[in-house]
Every structure is written in C-alpha cells, then in structure tokens.
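Structure data (JSON, C-alpha atoms) from target10.json:
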[["chain", "number", "residue", "atom", "x", "y", "z"],
["M", 1, "MET", "CA", -207.60, 34.61, -38.76],
["M", 2, "SER", "CA", -208.40, 31.05, -39.72],
["M", 3, "GLN", "CA", -211.45, 28.90, -39.20],
["M", 4, "TYR", "CA", -211.09, 25.74, -37.10],
["M", 5, "ASP", "CA", -213.58, 22.88, -36.82],
["M", 6, "PHE", "CA", -213.37, 20.75, -33.69],
["M", 7, "THR", "CA", -215.52, 18.99, -31.11],
["M", 8, "LEU", "CA", -215.26, 19.04, -27.34],
["M", 9, "LYS", "CA", -217.11, 16.37, -25.35],
["M", 10, "PHE", "CA", -217.73, 16.81, -21.63],
["M", 11, "ALA", "CA", -219.05, 14.85, -18.68],
["M", 12, "LEU", "CA", -221.28, 16.93, -16.44],
["M", 13, "ALA", "CA", -220.96, 17.06, -12.67],
["M", 14, "GLN", "CA", -223.20, 14.70, -10.69],
["M", 15, "ASP", "CA", -225.72, 17.44, -9.88],
["M", 16, "ASP", "CA", -225.63, 18.94, -13.43],
["M", 17, "THR", "CA", -226.76, 15.88, -15.37],
["M", 18, "ASP", "CA", -229.36, 17.71, -17.51],
["M", 19, "PRO", "CA", -227.37, 19.24, -20.40],
["M", 20, "GLU", "CA", -230.48, 21.02, -21.76],
["M", 21, "ALA", "CA", -230.13, 23.48, -18.87],
["M", 22, "PHE", "CA", -226.87, 24.81, -20.31],
["M", 23, "VAL", "CA", -227.69, 25.16, -24.01],
["M", 24, "GLU", "CA", -229.01, 28.73, -23.91],
["M", 25, "ARG", "CA", -226.26, 29.93, -21.55],
["M", 26, "LEU", "CA", -223.55, 28.38, -23.73],
["M", 27, "LEU", "CA", -224.93, 30.08, -26.81],
["M", 28, "SER", "CA", -225.24, 33.47, -25.11],
["M", 29, "GLU", "CA", -221.85, 33.35, -23.37],
["M", 30, "GLY", "CA", -219.30, 32.65, -26.08],
["M", 31, "CYS", "CA", -220.28, 29.37, -27.69],
["M", 32, "ASP", "CA", -222.57, 30.77, -30.37],
["M", 33, "ASP", "CA", -220.20, 29.21, -32.94],
["M", 34, "ALA", "CA", -220.99, 25.69, -31.74],
["M", 35, "LEU", "CA", -223.68, 23.12, -32.38],
["M", 36, "VAL", "CA", -224.58, 21.71, -28.98],
["M", 37, "GLY", "CA", -225.37, 18.02, -28.66],
["M", 38, "VAL", "CA", -227.24, 16.79, -25.60],
["M", 39, "GLY", "CA", -228.26, 13.25, -26.57],
["M", 40, "GLN", "CA", -226.55, 11.32, -23.78],
["M", 41, "TYR", "CA", -227.51, 11.66, -20.13],
["M", 42, "GLY", "CA", -224.81, 13.48, -18.14],
["M", 43, "ARG", "CA", -222.87, 14.44, -21.28],
["M", 44, "ILE", "CA", -222.65, 17.44, -23.57],
["M", 45, "ALA", "CA", -220.81, 17.81, -26.88],
["M", 46, "LEU", "CA", -220.02, 21.04, -28.69],
["M", 47, "ASN", "CA", -219.09, 20.99, -32.36],
["M", 48, "PHE", "CA", -217.28, 24.28, -32.97],
["M", 49, "THR", "CA", -216.47, 26.25, -36.09],
["M", 50, "ARG", "CA", -214.34, 28.96, -34.48],
["M", 51, "GLU", "CA", -212.41, 31.84, -36.01],
["M", 52, "ALA", "CA", -209.08, 32.38, -34.27],
["M", 53, "SER", "CA", -205.47, 33.34, -34.91],
["M", 54, "SER", "CA", -204.35, 29.76, -34.12],
["M", 55, "ALA", "CA", -205.75, 26.32, -33.38],
["M", 56, "SER", "CA", -204.54, 26.50, -29.80],
["M", 57, "LYS", "CA", -206.33, 29.83, -29.30],
["M", 58, "ALA", "CA", -209.52, 28.35, -30.80],
["M", 59, "ILE", "CA", -209.57, 25.33, -28.49],
["M", 60, "LEU", "CA", -208.32, 27.16, -25.40],
["M", 61, "THR", "CA", -210.96, 29.89, -25.68],
["M", 62, "ALA", "CA", -213.65, 27.27, -26.28],
["M", 63, "LEU", "CA", -212.53, 25.29, -23.21],
["M", 64, "SER", "CA", -212.51, 28.49, -21.18],
["M", 65, "ASP", "CA", -216.01, 29.43, -22.39],
["M", 66, "VAL", "CA", -217.41, 26.03, -21.45],
["M", 67, "GLN", "CA", -215.68, 26.01, -18.04],
["M", 68, "ARG", "CA", -217.11, 29.47, -17.30],
["M", 69, "VAL", "CA", -220.67, 28.37, -18.11],
["M", 70, "ILE", "CA", -220.42, 24.80, -16.73],
["M", 71, "PRO", "CA", -217.76, 24.91, -13.98],
["M", 72, "GLY", "CA", -218.04, 21.21, -13.11],
["M", 73, "ALA", "CA", -217.71, 19.95, -16.68],
["M", 74, "ARG", "CA", -214.82, 17.54, -17.28],
["M", 75, "LEU", "CA", -213.35, 17.11, -20.74],
["M", 76, "ILE", "CA", -213.86, 13.61, -22.12],
["M", 77, "GLU", "CA", -212.32, 14.13, -25.54],
["M", 78, "ALA", "CA", -211.18, 16.79, -27.96],
["M", 79, "SER", "CA", -211.39, 15.94, -31.63],
["M", 80, "PRO", "CA", -210.31, 15.53, -34.34],
["M", 81, "ASP", "CA", -207.77, 13.22, -32.77],
["M", 82, "PHE", "CA", -208.48, 9.50, -32.52],
["M", 83, "VAL", "CA", -209.04, 7.91, -35.94],
["M", 84, "GLY", "CA", -209.28, 4.48, -37.49],
["M", 85, "LEU", "CA", -208.38, 3.40, -41.02],
["M", 86, "THR", "CA", -211.79, 4.32, -42.39],
["M", 87, "ASP", "CA", -211.57, 7.82, -40.90],
["M", 88, "ILE", "CA", -208.09, 8.35, -42.35],
["M", 89, "ALA", "CA", -209.16, 7.03, -45.75],
["M", 90, "ASN", "CA", -212.21, 9.33, -45.83],
["M", 91, "LEU", "CA", -210.15, 12.39, -44.86],
["M", 92, "LEU", "CA", -207.53, 11.72, -47.52],
["M", 93, "GLY", "CA", -209.91, 10.58, -50.27],
["M", 94, "PHE", "CA", -208.81, 6.92, -50.31],
["M", 95, "SER", "CA", -210.75, 3.72, -50.00],
["M", 96, "ARG", "CA", -210.36, 1.83, -46.71],
["M", 97, "GLN", "CA", -208.73, -1.02, -48.63],
["M", 98, "HIS", "CA", -206.14, 1.33, -50.16],
["M", 99, "MET", "CA", -205.42, 2.79, -46.73],
["M", 100, "ARG", "CA", -204.95, -0.70, -45.28],
["M", 101, "LYS", "CA", -202.50, -1.55, -48.09],
["M", 102, "LEU", "CA", -200.52, 1.64, -47.37],
["M", 103, "VAL", "CA", -200.24, 0.71, -43.70],
["M", 104, "MET", "CA", -199.16, -2.85, -44.51],
["M", 105, "LYS", "CA", -196.70, -1.79, -47.23],
["M", 106, "ASN", "CA", -195.04, 0.86, -45.05],
["M", 107, "GLY", "CA", -194.91, -1.32, -41.93],
["M", 108, "ALA", "CA", -192.62, 0.14, -39.26],
["M", 109, "ARG", "CA", -192.36, 3.47, -41.14],
["M", 110, "PHE", "CA", -196.08, 4.14, -40.64],
["M", 111, "PRO", "CA", -196.95, 5.81, -37.30],
["M", 112, "LEU", "CA", -197.60, 3.47, -34.42],
["M", 113, "PRO", "CA", -201.24, 3.22, -33.38],
["M", 114, "VAL", "CA", -202.44, 4.41, -29.98],
["M", 115, "HIS", "CA", -204.45, 1.19, -29.76],
["M", 116, "ASP", "CA", -203.45, -1.84, -31.82],
["M", 117, "GLY", "CA", -206.63, -3.86, -31.87],
["M", 118, "LYS", "CA", -209.87, -4.19, -33.76],
["M", 119, "PRO", "CA", -210.05, -1.46, -34.75],
["M", 120, "ALA", "CA", -206.59, 0.04, -34.57],
["M", 121, "ILE", "CA", -206.65, 3.71, -33.53],
["M", 122, "TRP", "CA", -204.13, 6.45, -34.36],
["M", 123, "HIS", "CA", -203.69, 10.10, -33.45],
["M", 124, "LEU", "CA", -204.78, 11.99, -36.56],
["M", 125, "ALA", "CA", -201.93, 14.51, -36.22],
["M", 126, "THR", "CA", -199.23, 11.82, -36.40],
["M", 127, "VAL", "CA", -200.82, 10.24, -39.47],
["M", 128, "LEU", "CA", -201.28, 13.56, -41.27],
["M", 129, "THR", "CA", -197.69, 14.56, -40.47],
["M", 130, "TRP", "CA", -196.45, 11.23, -41.84],
["M", 131, "PHE", "CA", -198.41, 11.69, -45.07],
["M", 132, "ARG", "CA", -197.03, 15.20, -45.45],
["M", 133, "ASP", "CA", -193.41, 14.31, -44.64],
["M", 134, "GLU", "CA", -193.13, 10.80, -46.10],
["M", 135, "LYS", "CA", -195.54, 10.93, -49.03],
["M", 136, "GLY", "CA", -195.34, 14.63, -49.92],
["M", 137, "ARG", "CA", -199.11, 14.93, -49.55],
["M", 138, "LYS", "CA", -200.58, 18.44, -49.52],
["M", 139, "LEU", "CA", -202.77, 18.78, -46.46],
["M", 140, "ASN", "CA", -205.34, 21.13, -45.05],
["M", 141, "GLY", "CA", -203.12, 23.17, -42.70],
["M", 142, "ALA", "CA", -205.99, 24.04, -40.35],
["M", 143, "LEU", "CA", -206.89, 20.34, -39.97],
["M", 144, "LEU", "CA", -203.30, 19.40, -39.14],
["M", 145, "GLU", "CA", -203.00, 22.28, -36.68],
["M", 146, "ILE", "CA", -206.31, 21.58, -34.89],
["M", 147, "SER", "CA", -205.59, 17.82, -34.73],
["M", 148, "ARG", "CA", -202.25, 18.55, -33.03],
["M", 149, "VAL", "CA", -203.91, 20.70, -30.39],
["M", 150, "ALA", "CA", -206.74, 18.18, -29.87],
["M", 151, "MET", "CA", -204.12, 15.44, -29.39],
["M", 152, "GLN", "CA", -202.32, 17.58, -26.79],
["M", 153, "CYS", "CA", -205.59, 18.17, -24.92],
["M", 154, "ASN", "CA", -206.34, 14.46, -24.82],
["M", 155, "LEU", "CA", -202.81, 13.48, -23.79],
["M", 156, "ILE", "CA", -202.66, 16.07, -21.00],
["M", 157, "LYS", "CA", -206.10, 15.04, -19.74],
["M", 158, "GLU", "CA", -205.05, 11.38, -19.68],
["M", 159, "THR", "CA", -201.72, 11.97, -17.94],
["M", 160, "ALA", "CA", -203.05, 14.33, -15.25],
["M", 161, "GLY", "CA", -203.23, 11.64, -12.57],
["M", 162, "LEU", "CA", -199.93, 9.89, -13.23],
["M", 163, "ASP", "CA", -197.33, 9.35, -10.53],
["M", 164, "ARG", "CA", -194.51, 11.81, -11.31],
["M", 165, "LYS", "CA", -191.66, 9.38, -10.52],
["M", 166, "ILE", "CA", -193.13, 6.66, -12.69],
["M", 167, "SER", "CA", -193.92, 9.01, -15.57],
["M", 168, "ASP", "CA", -190.38, 10.49, -15.48],
["M", 169, "ARG", "CA", -188.88, 6.98, -15.61],
["M", 170, "LEU", "CA", -191.23, 5.91, -18.40],
["M", 171, "ARG", "CA", -190.32, 9.02, -20.37],
["M", 172, "GLN", "CA", -186.64, 8.00, -20.15],
["M", 173, "LEU", "CA", -187.44, 4.49, -21.37],
["M", 174, "LEU", "CA", -189.99, 5.25, -24.06],
["M", 175, "VAL", "CA", -189.09, 8.56, -25.65]]

Mind converting the file's structure to structure tokens?
Amino acid sequence: MSQYDFTLKFALAQDDTDPEAFVERLLSEGCDDALVGVGQYGRIALNFTREASSASKAILTALSDVQRVIPGARLIEASPDFVGLTDIANLLGFSRQHMRKLVMKNGARFPLPVHDGKPAIWHLATVLTWFRDEKGRKLNGALLEISRVAMQCNLIKETAGLDRKISDRLRQLLV
C-alpha cells in the first residue's frame, strides 16, 4: 500500500449548488481521507490523502465515492496535472529562473506544453518523466504515478464529447 495525494474538483448539478449539504455525507461515506473545500458557489473540491495499492485505484475509488454521494457531480479537474514553470520548479527544488533556463536550453527536447501562452502549462507527468529519463533525476514514484492517472482523468473528461471520425483522423495525423 502506498499513500497518494491528489485533488478532485467538481461542479455540482443545478439543483445541488450548496456544497455544504454534502460535507458530512462525504466524510461518513468513504471520503474521510479528504479535506473538503466548499468556497465557490456550485463547486466542491476534495483534497485526498488516500492509501491504495495503486494511484489508479486511489483516484478511481475516490471518484466512485463522490459519485455515490453526489450523483450529479461532474469532474472539473483531477490534480496534480496542469503545472506552470513555477510549479515545476517548486516540486523539483529549483528556482523559477533555473527552470526557465532548462526549458530554453533543451528546446525541442523538453516536453511540449498543453498551452503555450502566458503562462505556459504542461502535464506534470510528461515533465516528471522527461526529468527522470533525460536528466536521470530521482523522483517521488507516488507523485509520478498519481500525476499520470490525474492526466488520464483530465484527458478522458475533455475528449468525451468529440466526434469519433474527427478524433480518429486527428489521432492518425498527430500521434
């Protein structure tokens, strides 16, 4: 068993916009290993520290627990996944400036961002894998594993409504 730290953010159904109503039920029905955040109207966030045999089991059981208690909840984001340079630098113990130099120096060899703007955003799993494989950096295995699963959750959520023909053709062109 390993311990995994992750956050799941949800939008509540139109008629379930008061997240306070779910806090006690979440805690009594499987989410007693989560800090529940209810600061934004119509939203709920759960910051888990869950023991499980794998990262996928940790996130899947957490998603199942939340869906059982709040059936209309829709996943907004699973994290850790989306990160900027400052986030990466903090995780790896670098300064932001050093991280920026690494990105510039490694150019096309550094993972492509998900969003190339101000700020640029990457999937944490791709960056951690690059540091492990290209730079020989020792990493927290649980962080890499949970970031991979969080990335998969976010990608699947985002691609759920795609036209199958278009997505198949794009896959041929882009992968």

Identify, on the basis of all atoms listed in the file, every residue whose closest approach to M:His98 does not exceed 12 Å; exclude the query and any residue fewer than 6 positions from it along the same chain; express the result as a CSV table (one decimal) with C-alpha atoms, in the frame of the given file.
chain,number,residue,atom,x,y,z
M,85,LEU,CA,-208.4,3.4,-41.0
M,86,THR,CA,-211.8,4.3,-42.4
M,88,ILE,CA,-208.1,8.4,-42.4
M,89,ALA,CA,-209.2,7.0,-45.8
M,90,ASN,CA,-212.2,9.3,-45.8
M,92,LEU,CA,-207.5,11.7,-47.5
M,104,MET,CA,-199.2,-2.8,-44.5
M,105,LYS,CA,-196.7,-1.8,-47.2

Mind dumping a table of every stretch 66-134 of chain M residue within 10 Å of stretch 27-33 of chain M, with the nearest atom pair and its distance in Å to one decimal, using all atoms listed in the file, sorted by chain and rising number, as JSON lines?
{"residue": "M:Val66", "atom": "CA", "partner": "M:Cys31", "partner_atom": "CA", "distance": 7.6}
{"residue": "M:Arg68", "atom": "CA", "partner": "M:Glu29", "partner_atom": "CA", "distance": 8.6}
{"residue": "M:Val69", "atom": "CA", "partner": "M:Glu29", "partner_atom": "CA", "distance": 7.3}

**Study point:** Between atom CA of M:Glu158 and atom CA of M:Ser2 - distance in Å to one decimal
**Key:** 28.3 Å

Review point. Counting only C-alpha atoms, which of M:Trp122, M:Tyr4, M:Phe22, M:Phe110 gets nearest to M:Phe48?
Key: M:Tyr4

Review point. Quick one, how far is atom CA of M:Ala73 from atom CA of M:Lys9?
Key: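 The value is 9.4 Å.
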
Review point. Between atom CA of M:Glu20 and atom CA of M:Val38, what is the spacing in Å?
Key: 6.6 Å

Check your understanding: Got a sec: who's within 9 Å of M:Ile76, counting all atoms listed in the file, leaving out chain neighbours fewer than 2 positions off, as a ChimeraX atom specification?
Key -> /M:8-11,74,78,154,157

**Study point:** Using only C-alpha atoms: which of M:Leu102, M:Leu12, M:Leu35, M:Met1 has the shortest distance to M:Ala52
**Key:** M:Met1
